[in-house]
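Shown below: start.csv, with CSV, C-alpha atoms.
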```csv
chain,number,residue,atom,x,y,z
A,1,MET,CA,17.4,-31.1,107.6
A,2,LYS,CA,17.7,-27.8,109.5
A,3,LYS,CA,20.6,-26.8,107.2
A,4,LEU,CA,18.4,-27.6,104.2
A,5,LEU,CA,15.6,-25.5,105.6
A,6,LEU,CA,18.0,-22.6,106.2
A,7,VAL,CA,19.3,-22.8,102.6
A,8,THR,CA,15.8,-23.0,101.2
A,9,THR,CA,14.7,-20.0,103.3
A,10,LEU,CA,17.7,-18.1,102.0
A,11,PHE,CA,17.0,-18.9,98.5
A,12,ALA,CA,13.3,-18.1,98.9
A,13,SER,CA,14.0,-14.7,100.4
A,14,SER,CA,16.6,-13.9,97.8
A,15,ALA,CA,14.2,-14.9,95.1
A,16,LEU,CA,11.7,-12.5,96.7
A,17,LEU,CA,14.1,-9.6,96.5
A,18,PRO,CA,13.9,-8.8,92.8
A,19,ALA,CA,10.2,-8.5,93.3
A,20,PHE,CA,10.8,-5.2,95.0
A,21,ALA,CA,12.8,-3.8,92.0
A,22,ALA,CA,11.3,-5.7,89.1
A,23,ASP,CA,13.6,-6.3,86.1
A,24,TYR,CA,12.3,-5.4,82.7
A,25,LYS,CA,13.6,-6.2,79.3
A,26,ILE,CA,13.1,-3.5,76.6
A,27,ASP,CA,10.7,-4.8,74.0
A,28,HIS,CA,12.8,-4.4,70.9
A,29,GLU,CA,11.4,-7.6,69.3
A,30,GLY,CA,7.9,-6.1,69.3
A,31,ALA,CA,9.4,-2.7,68.4
A,32,HIS,CA,7.6,-1.0,71.3
A,33,ALA,CA,10.7,1.1,71.9
A,34,SER,CA,12.6,3.5,69.7
A,35,ILE,CA,15.7,5.6,69.9
A,36,ASN,CA,15.4,8.7,67.8
A,37,ILE,CA,17.6,11.6,67.1
A,38,LYS,CA,16.9,15.2,66.1
A,39,ALA,CA,19.5,17.5,64.6
A,40,SER,CA,19.3,20.9,63.0
A,41,HIS,CA,19.5,21.0,59.2
A,42,LEU,CA,21.5,24.2,58.6
A,43,GLY,CA,19.1,26.0,60.9
A,44,PHE,CA,16.3,25.6,58.4
A,45,SER,CA,14.5,22.6,59.8
A,46,VAL,CA,14.8,19.6,62.1
A,47,LEU,CA,16.2,16.4,60.7
A,48,THR,CA,15.1,13.2,62.4
A,49,GLY,CA,16.7,9.7,62.4
A,50,ARG,CA,16.7,6.6,64.5
A,51,PHE,CA,18.6,3.5,65.5
A,52,ASN,CA,16.7,0.4,64.4
A,53,LYS,CA,18.6,-2.1,66.5
A,54,PHE,CA,19.2,-2.0,70.2
A,55,THR,CA,18.8,-4.0,73.3
A,56,GLY,CA,18.4,-3.1,77.0
A,57,THR,CA,17.1,-3.8,80.4
A,58,PHE,CA,16.0,-1.7,83.3
A,59,SER,CA,14.8,-2.3,86.9
A,60,TYR,CA,12.3,-0.1,88.5
A,61,ASP,CA,10.3,0.0,91.7
A,62,GLU,CA,7.8,2.8,92.3
A,63,LYS,CA,8.6,2.7,96.0
A,64,ASN,CA,12.4,2.9,95.6
A,65,ILE,CA,13.0,4.9,92.5
A,66,SER,CA,16.6,5.8,93.5
A,67,ALA,CA,17.4,2.1,93.1
A,68,ALA,CA,16.3,2.1,89.5
A,69,LYS,CA,18.8,1.1,86.9
A,70,VAL,CA,18.9,1.2,83.1
A,71,SER,CA,21.3,-0.1,80.5
A,72,VAL,CA,21.0,0.1,76.8
A,73,LYS,CA,23.2,-1.1,73.9
A,74,VAL,CA,22.7,0.4,70.5
A,75,ASP,CA,23.9,-1.1,67.2
A,76,THR,CA,25.3,2.0,65.6
A,77,SER,CA,25.2,0.5,62.1
A,78,SER,CA,21.4,0.5,62.3
A,79,PHE,CA,21.2,4.3,61.9
A,80,ASP,CA,18.3,5.2,59.6
A,81,SER,CA,17.2,8.6,58.5
A,82,ASN,CA,15.2,7.5,55.5
A,83,HIS,CA,18.0,8.5,53.1
A,84,ALA,CA,20.5,5.8,52.2
A,85,MET,CA,23.3,8.1,51.1
A,86,ARG,CA,23.0,10.2,54.3
A,87,ASP,CA,22.9,7.0,56.4
A,88,LYS,CA,26.0,5.8,54.7
A,89,HIS,CA,27.7,9.2,55.5
A,90,VAL,CA,26.6,9.2,59.1
A,91,ARG,CA,27.9,5.6,59.5
A,92,SER,CA,31.2,6.5,57.9
A,93,ASP,CA,34.3,7.7,59.7
A,94,ASP,CA,33.2,11.3,59.4
A,95,PHE,CA,30.7,10.6,62.2
A,96,LEU,CA,29.8,7.3,63.9
A,97,ASP,CA,32.6,5.2,62.3
A,98,VAL,CA,30.6,2.0,62.8
A,99,ASN,CA,33.3,-0.4,61.6
A,100,LYS,CA,35.4,0.7,64.5
A,101,PHE,CA,32.7,1.6,67.0
A,102,ALA,CA,29.8,-0.9,66.4
A,103,GLN,CA,28.2,-0.2,69.7
A,104,ALA,CA,26.9,2.8,71.7
A,105,THR,CA,25.9,2.2,75.3
A,106,PHE,CA,24.2,4.0,78.1
A,107,ILE,CA,24.6,2.7,81.7
A,108,SER,CA,22.8,4.6,84.5
A,109,THR,CA,24.7,5.6,87.6
A,110,LYS,CA,22.1,7.4,89.5
A,111,VAL,CA,18.3,7.9,89.2
A,112,THR,CA,16.6,10.7,91.0
A,113,ASP,CA,12.8,11.0,91.5
A,114,GLN,CA,11.7,14.5,90.4
A,115,GLY,CA,8.0,13.9,91.4
A,116,ASN,CA,4.9,13.5,89.2
A,117,GLY,CA,6.4,10.5,87.4
A,118,LYS,CA,9.4,12.4,86.3
A,119,LEU,CA,12.9,11.0,86.7
A,120,ALA,CA,16.4,12.3,86.1
A,121,ILE,CA,18.6,9.4,84.9
A,122,ASN,CA,22.3,10.2,85.2
A,123,GLY,CA,24.6,7.8,83.5
A,124,ASN,CA,27.6,7.2,81.2
A,125,PHE,CA,27.0,7.4,77.5
A,126,THR,CA,29.6,5.8,75.3
A,127,LEU,CA,29.6,6.8,71.6
A,128,HIS,CA,32.4,6.7,69.1
A,129,GLY,CA,34.6,5.2,71.8
A,130,VAL,CA,34.2,8.3,74.0
A,131,THR,CA,32.4,8.0,77.4
A,132,LYS,CA,30.7,11.1,78.8
A,133,PRO,CA,28.2,11.7,81.6
A,134,MET,CA,24.7,12.2,80.2
A,135,THR,CA,21.4,12.9,81.9
A,136,ILE,CA,18.1,11.6,80.5
A,137,ASP,CA,15.0,13.5,81.6
A,138,ALA,CA,12.5,10.8,81.7
A,139,VAL,CA,8.8,10.5,82.4
A,140,LYS,CA,6.8,7.4,83.2
A,141,VAL,CA,4.1,6.8,80.7
A,142,GLY,CA,2.2,3.8,81.9
A,143,GLU,CA,2.4,0.5,83.8
A,144,GLY,CA,0.3,-2.6,84.1
A,145,SER,CA,-0.7,-5.9,82.8
A,146,ASP,CA,-0.9,-6.3,79.0
A,147,PRO,CA,-3.7,-8.4,77.3
A,148,TRP,CA,-1.3,-11.3,76.6
A,149,GLY,CA,-0.3,-12.2,80.2
A,150,GLY,CA,2.7,-10.0,80.6
A,151,TYR,CA,3.4,-7.0,82.7
A,152,ARG,CA,4.7,-3.8,81.0
A,153,LEU,CA,6.2,-0.5,82.0
A,154,GLY,CA,7.1,2.4,79.7
A,155,PHE,CA,9.0,5.7,79.8
A,156,SER,CA,9.8,8.5,77.5
A,157,GLY,CA,13.0,10.4,77.8
A,158,THR,CA,15.1,13.1,76.2
A,159,ALA,CA,18.8,14.1,76.4
A,160,THR,CA,21.0,16.4,74.4
A,161,ILE,CA,24.6,15.8,73.4
A,162,SER,CA,27.1,18.0,71.6
A,163,MET,CA,28.8,16.3,68.6
A,164,ALA,CA,32.0,18.0,69.6
A,165,ASP,CA,32.2,16.0,72.8
A,166,PHE,CA,32.4,12.7,71.0
A,167,GLY,CA,35.3,13.5,68.7
A,168,PHE,CA,33.5,13.2,65.4
A,169,LYS,CA,35.5,14.3,62.3
A,170,GLN,CA,32.6,16.5,61.3
A,171,ASP,CA,30.6,18.6,63.8
A,172,TYR,CA,27.2,20.0,63.2
A,173,GLY,CA,26.4,21.0,66.8
A,174,GLN,CA,23.9,19.6,69.1
A,175,VAL,CA,21.9,16.4,68.7
A,176,ASP,CA,18.7,15.7,70.7
A,177,LEU,CA,18.0,12.1,71.7
A,178,GLU,CA,14.5,11.0,72.2
A,179,LEU,CA,13.8,7.6,73.7
A,180,HIS,CA,10.5,5.8,74.0
A,181,ILE,CA,11.1,2.6,76.0
A,182,GLU,CA,8.6,-0.1,76.9
A,183,GLY,CA,9.8,-3.0,79.1
A,184,ILE,CA,8.4,-6.4,79.7
A,185,ARG,CA,8.8,-7.6,83.3
A,186,GLN,CA,11.0,-10.7,83.5
B,1,MET,CA,32.5,10.5,4.2
B,2,ASN,CA,32.2,7.0,2.9
B,3,ASN,CA,30.7,4.1,4.7
B,4,ALA,CA,34.1,2.4,5.2
B,5,MET,CA,35.2,5.1,7.7
B,6,TRP,CA,32.4,4.4,10.1
B,7,LYS,CA,32.8,0.6,10.3
B,8,ASN,CA,35.6,-1.6,11.5
B,9,THR,CA,37.7,-3.4,9.0
B,10,GLU,CA,40.1,-6.3,9.3
B,11,GLU,CA,43.0,-3.9,9.9
B,12,LYS,CA,41.6,-1.0,11.9
B,13,PHE,CA,38.8,0.3,14.0
B,14,GLY,CA,36.1,2.4,12.4
B,15,LEU,CA,34.9,5.8,13.6
B,16,ILE,CA,32.1,4.5,15.7
B,17,SER,CA,34.3,2.1,17.6
B,18,LYS,CA,36.9,4.8,18.1
B,19,LEU,CA,34.3,7.3,19.3
B,20,PHE,CA,32.9,4.7,21.8
B,21,HIS,CA,36.5,3.9,23.0
B,22,TRP,CA,37.7,7.4,23.5
B,23,LEU,CA,34.4,8.7,24.9
B,24,SER,CA,34.6,5.9,27.5
B,25,ALA,CA,38.2,6.6,28.2
B,26,ILE,CA,37.7,10.3,28.9
B,27,THR,CA,34.5,9.7,30.9
B,28,VAL,CA,36.1,6.9,33.1
B,29,PHE,CA,39.2,9.1,33.9
B,30,SER,CA,37.1,12.2,34.6
B,31,MET,CA,34.6,10.3,36.7
B,32,PHE,CA,37.4,8.8,38.7
B,33,GLY,CA,38.9,12.3,39.4
B,34,VAL,CA,35.5,13.8,40.2
B,35,GLY,CA,34.6,10.8,42.4
B,36,PHE,CA,37.9,10.9,44.3
B,37,TRP,CA,37.5,14.6,44.9
B,38,MET,CA,33.8,14.8,45.7
B,39,VAL,CA,33.7,12.2,48.5
B,40,ASP,CA,35.7,14.6,50.7
B,41,LEU,CA,33.7,17.7,50.1
B,42,THR,CA,32.3,19.3,53.2
B,43,TYR,CA,28.6,19.8,53.6
B,44,TYR,CA,29.0,23.5,53.2
B,45,SER,CA,30.7,23.2,49.8
B,46,GLN,CA,28.7,24.6,46.9
B,47,TRP,CA,29.6,21.3,45.0
B,48,TYR,CA,28.2,19.0,47.7
B,49,LYS,CA,25.0,18.4,45.9
B,50,THR,CA,26.0,19.2,42.3
B,51,ALA,CA,29.1,17.0,42.0
B,52,PRO,CA,27.3,13.8,43.0
B,53,HIS,CA,24.3,14.7,40.9
B,54,TRP,CA,26.5,15.1,37.8
B,55,HIS,CA,28.6,12.0,38.7
B,56,GLU,CA,25.4,9.9,38.9
B,57,SER,CA,24.0,11.4,35.7
B,58,VAL,CA,27.1,10.8,33.7
B,59,GLY,CA,27.3,7.2,35.2
B,60,VAL,CA,23.8,6.4,33.9
B,61,LEU,CA,24.6,7.9,30.5
B,62,LEU,CA,27.9,5.9,30.4
B,63,PHE,CA,25.9,2.8,31.2
B,64,ILE,CA,23.6,3.4,28.2
B,65,VAL,CA,26.7,4.2,26.0
B,66,THR,CA,28.4,1.0,27.1
B,67,ILE,CA,25.4,-1.1,26.3
B,68,LEU,CA,25.3,0.4,22.8
B,69,ARG,CA,29.0,-0.1,22.5
B,70,LEU,CA,28.7,-3.8,23.3
B,71,ILE,CA,25.8,-4.1,20.8
B,72,TRP,CA,28.0,-2.4,18.2
B,73,ARG,CA,30.9,-4.8,19.1
B,74,LEU,CA,28.6,-7.8,18.7
B,75,ILE,CA,27.1,-6.8,15.3
B,76,SER,CA,30.2,-5.3,13.8
B,77,PHE,CA,33.3,-6.8,12.4
B,78,GLN,CA,36.3,-6.9,14.9
B,79,PRO,CA,39.7,-6.1,13.6
B,80,LYS,CA,42.0,-9.1,13.6
B,81,ALA,CA,44.6,-9.4,16.3
B,82,ILE,CA,47.9,-8.0,15.2
B,83,ALA,CA,50.0,-10.7,13.6
B,84,SER,CA,53.3,-9.8,15.3
B,85,HIS,CA,51.8,-10.1,18.7
B,86,SER,CA,52.8,-13.3,20.6
B,87,LEU,CA,50.1,-15.7,21.9
B,88,GLN,CA,50.7,-14.5,25.4
B,89,VAL,CA,50.1,-10.9,24.4
B,90,LYS,CA,47.0,-11.8,22.5
B,91,GLN,CA,45.6,-13.7,25.5
B,92,ALA,CA,46.6,-11.1,28.0
B,93,SER,CA,45.0,-8.3,26.0
B,94,LYS,CA,41.8,-10.4,25.6
B,95,ILE,CA,41.6,-11.0,29.4
B,96,ALA,CA,42.3,-7.3,30.0
B,97,HIS,CA,39.6,-6.2,27.6
B,98,ILE,CA,37.0,-8.5,29.2
B,99,GLY,CA,38.2,-7.3,32.7
B,100,LEU,CA,37.7,-3.6,31.6
B,101,TYR,CA,34.1,-4.3,30.5
B,102,LEU,CA,33.3,-6.4,33.6
B,103,LEU,CA,34.8,-3.7,36.0
B,104,LEU,CA,32.8,-1.0,34.2
B,105,PHE,CA,29.6,-2.9,34.9
B,106,VAL,CA,30.5,-3.7,38.5
B,107,LEU,CA,31.4,0.0,39.0
B,108,MET,CA,28.2,1.3,37.3
B,109,SER,CA,25.9,-1.2,39.1
B,110,SER,CA,27.4,-0.7,42.5
B,111,GLY,CA,27.1,3.1,42.0
B,112,PHE,CA,23.5,2.7,41.1
B,113,LEU,CA,22.7,0.3,44.0
B,114,MET,CA,24.4,2.7,46.4
B,115,SER,CA,22.6,5.8,45.4
B,116,SER,CA,19.2,4.1,44.9
B,117,ALA,CA,19.4,1.9,48.0
B,118,ASP,CA,16.4,3.6,49.6
B,119,GLY,CA,14.3,3.3,46.4
B,120,ARG,CA,15.0,6.9,45.4
B,121,SER,CA,15.4,7.2,41.7
B,122,ILE,CA,18.5,8.7,40.1
B,123,GLU,CA,17.9,12.0,38.3
B,124,VAL,CA,19.9,12.2,35.1
B,125,PHE,CA,20.6,15.9,34.7
B,126,ASN,CA,16.9,16.6,35.5
B,127,TRP,CA,16.3,15.2,32.1
B,128,PHE,CA,14.9,11.8,33.0
B,129,SER,CA,15.1,9.6,36.0
B,130,VAL,CA,15.9,5.9,36.6
B,131,GLY,CA,13.9,4.2,39.3
B,132,GLY,CA,15.8,2.5,42.1
B,133,LEU,CA,15.4,-1.2,42.9
B,134,GLY,CA,15.3,-0.4,46.6
B,135,ASP,CA,17.0,-2.3,49.4
B,136,LEU,CA,18.1,-5.7,48.2
B,137,LEU,CA,20.6,-6.2,51.0
B,138,GLU,CA,20.8,-4.8,54.5
B,139,ASN,CA,22.9,-1.7,54.6
B,140,GLN,CA,23.1,-2.0,50.8
B,141,GLU,CA,24.5,1.5,50.5
B,142,ASP,CA,27.6,0.6,52.6
B,143,ILE,CA,28.3,-2.6,50.8
B,144,ALA,CA,27.7,-1.1,47.3
B,145,GLY,CA,29.8,1.9,48.4
B,146,LEU,CA,32.8,-0.3,49.2
B,147,VAL,CA,32.4,-2.3,45.9
B,148,HIS,CA,32.2,1.0,44.0
B,149,GLU,CA,35.3,2.4,45.7
B,150,TYR,CA,37.5,-0.7,45.2
B,151,SER,CA,36.3,-1.5,41.6
B,152,ALA,CA,37.1,2.1,40.7
B,153,TYR,CA,40.7,1.7,41.9
B,154,ILE,CA,41.0,-1.6,40.1
B,155,LEU,CA,39.5,-0.2,36.9
B,156,ILE,CA,41.7,2.8,36.9
B,157,THR,CA,44.8,0.7,37.5
B,158,LEU,CA,43.8,-1.7,34.7
B,159,SER,CA,43.0,1.2,32.4
B,160,LEU,CA,46.4,2.7,33.0
B,161,LEU,CA,48.1,-0.7,32.3
B,162,HIS,CA,46.0,-0.9,29.1
B,163,GLY,CA,47.1,2.6,28.0
B,164,ALA,CA,50.7,1.9,29.0
B,165,ALA,CA,50.7,-1.3,27.0
B,166,ALA,CA,49.3,0.5,23.9
B,167,VAL,CA,52.1,3.1,24.3
B,168,LYS,CA,54.7,0.4,24.7
B,169,HIS,CA,53.5,-1.3,21.5
B,170,HIS,CA,53.6,2.0,19.7
B,171,LEU,CA,57.0,3.2,20.9
B,172,ILE,CA,59.0,0.0,21.5
B,173,ASP,CA,57.4,-2.6,19.3
B,174,LYS,CA,56.5,0.0,16.7
B,175,ASP,CA,53.3,-1.9,15.7
B,176,GLU,CA,49.9,-0.5,14.9
B,177,THR,CA,48.2,-1.4,18.2
B,178,LEU,CA,47.7,2.3,19.2
B,179,SER,CA,47.5,3.9,15.7
B,180,ARG,CA,44.6,1.7,14.5
B,181,MET,CA,42.6,3.1,17.4
B,182,LEU,CA,43.6,6.7,16.6
B,183,LYS,CA,43.8,7.0,12.8
```
Kindly transcribe the structure held in the file into structure tokens.
Amino acid sequence: MKKLLLVTTLFASSALLPAFAADYKIDHEGAHASINIKASHLGFSVLTGRFNKFTGTFSYDEKNISAAKVSVKVDTSSFDSNHAMRDKHVRSDDFLDVNKFAQATFISTKVTDQGNGKLAINGNFTLHGVTKPMTIDAVKVGEGSDPWGGYRLGFSGTATISMADFGFKQDYGQVDLELHIEGIRQ
Amino acid sequence: MNNAMWKNTEEKFGLISKLFHWLSAITVFSMFGVGFWMVDLTYYSQWYKTAPHWHESVGVLLFIVTILRLIWRLISFQPKAIASHSLQVKQASKIAHIGLYLLLFVLMSSGFLMSSADGRSIEVFNWFSVGGLGDLLENQEDIAGLVHEYSAYILITLSLLHGAAAVKHHLIDKDETLSRMLK
């Protein structure tokens, strides 16, 4: 009986632990999240595109921000820049080579509190089979109960990558990534 | 020029059929060459926009020409198969001819579905435009692109075999297979 009590207590306390750093699932079903890119078009204007399919999770606790974690998987074949022939080219082996590299991932390694809701999320970004460290400058947008009985938390973030770092056949310089992420607490 | 020159007879092809045939032949081989070359153009090439624009324009025009060609084929008299040809040769050439037409349509439709996958219409030499059907399949441009690429290789191979067979009939069998499409 004592043993059972001990086991129960252990389970109960371990069940309590995630409450400190709540786990969130990125709301891709409701499309309250987007992964967008910005690139220069020959220096004349800014071209935007996005990835329509991705999944991800994060854990976050206001009181222990350095313990936060985030992991995102992007389906590279879902690239969409509102121009079919450009999308086809970006998905081809000149760039993303989506038949070979169907997934891009970001897994955080270290999250630093910058104050005022700002975070620096360091992690490893894998794209086109190449893994490079990347820092996402994120800012918390809002947190709280939604009208449908759930609990939500959202961030915006930006990062910049150089196409040359990821071994694409064609290189048009730097690409800005812009992330808007809303998570539902699990 | 009398009426008889334009129309097909039992023995030979008329001028209209010959024009359709040779116009298609020249167009198909030029389009293959241009297509093969233009897919590797860099973004900074002055042809990057022009070559695909012309390729698409010619493709739409060839589609119209091929429809007219088939109508002409249906309403006009077809020359009889050459008597000295064996049954196998007659059957093989029939299959090859159907294959050439089918491949032409697969090639032209896949090209159209690829370029118009986002609903953008295809501009034919800034002369008229053909509206796109939009996205019928997910990542339609990728699928149609692969079909376009492979059907182009198969069509060019079959066209070369078709030409080689005509030359063989002319030089080795010394029959009128080729000459009745020329003279």
Ranking B:Ser115, B:Leu103, B:Gly145, B:Val130 by minimum distance to Leu158 (chain B) and counting only C-alpha atoms, which one comes first?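 Closest to Leu158 (chain B) of all the choices is B:Leu103.
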Taking 3 positions as the minimum chain separation for residues in the same chain, which residues sit within 12 Å of Thr50 (chain B) when counting all atoms listed in the file? Answer as a list in words.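 Contacts, with the query itself left out: Val34, Met38, Leu41, Tyr43, Ser45, Gln46, Trp47, His53, Trp54, His55, Glu56, Ser57, Glu123, Val124, Phe125 and Asn126 of chain B.
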Go ahead and compute the interatomic distance for CA of Arg185 (chain A) and CA of Ser66 (chain A), in Å to one decimal.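 Separating CA of Arg185 (chain A) from CA of Ser66 (chain A) is a distance of 18.6 Å.
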Counting only C-alpha atoms, which residues in region 16-72 of chain A sit no more than 10 Å from region 145-166 of chain A? For each one, give the nearest pair of atoms and the distance in Å, sorted by chain then residue number, as a Markdown table.
```
| residue | atom | partner | partner_atom | distance |
| --- | --- | --- | --- | --- |
| A:Tyr24 | CA | A:Leu153 | CA | 7.9 |
| A:Lys25 | CA | A:Arg152 | CA | 9.4 |
| A:Ile26 | CA | A:Gly154 | CA | 9.0 |
| A:Asp27 | CA | A:Arg152 | CA | 9.3 |
| A:His32 | CA | A:Gly154 | CA | 9.1 |
| A:Ala33 | CA | A:Gly154 | CA | 8.7 |
| A:Ser34 | CA | A:Ser156 | CA | 9.7 |
| A:Ile35 | CA | A:Gly157 | CA | 9.6 |
| A:Asn36 | CA | A:Thr158 | CA | 9.5 |
| A:Ile37 | CA | A:Thr160 | CA | 9.4 |
| A:Lys38 | CA | A:Thr160 | CA | 9.3 |
| A:Ala39 | CA | A:Thr160 | CA | 10.0 |
| A:Phe58 | CA | A:Leu153 | CA | 10.0 |
| A:Tyr60 | CA | A:Leu153 | CA | 8.9 |
```
For a quick test of understanding: name the residues of chain A lying within 7 Å of chain B when counting all atoms listed in the file, and present them as an MDAnalysis selection string. chainID A and resid 83:85 88
Would you work out the distance separating CA of Glu182 (chain A) from CA of Ala102 (chain A), expressed in Å to one decimal? 23.7 Å
Under the rule that all atoms listed in the file are counted, which of B:Val106, B:Leu113, B:Leu137, B:Ile82 is the nearest residue to Asp173 (chain B)?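 Using all atoms listed in the file, Asp173 (chain B) sits closest to B:Ile82.
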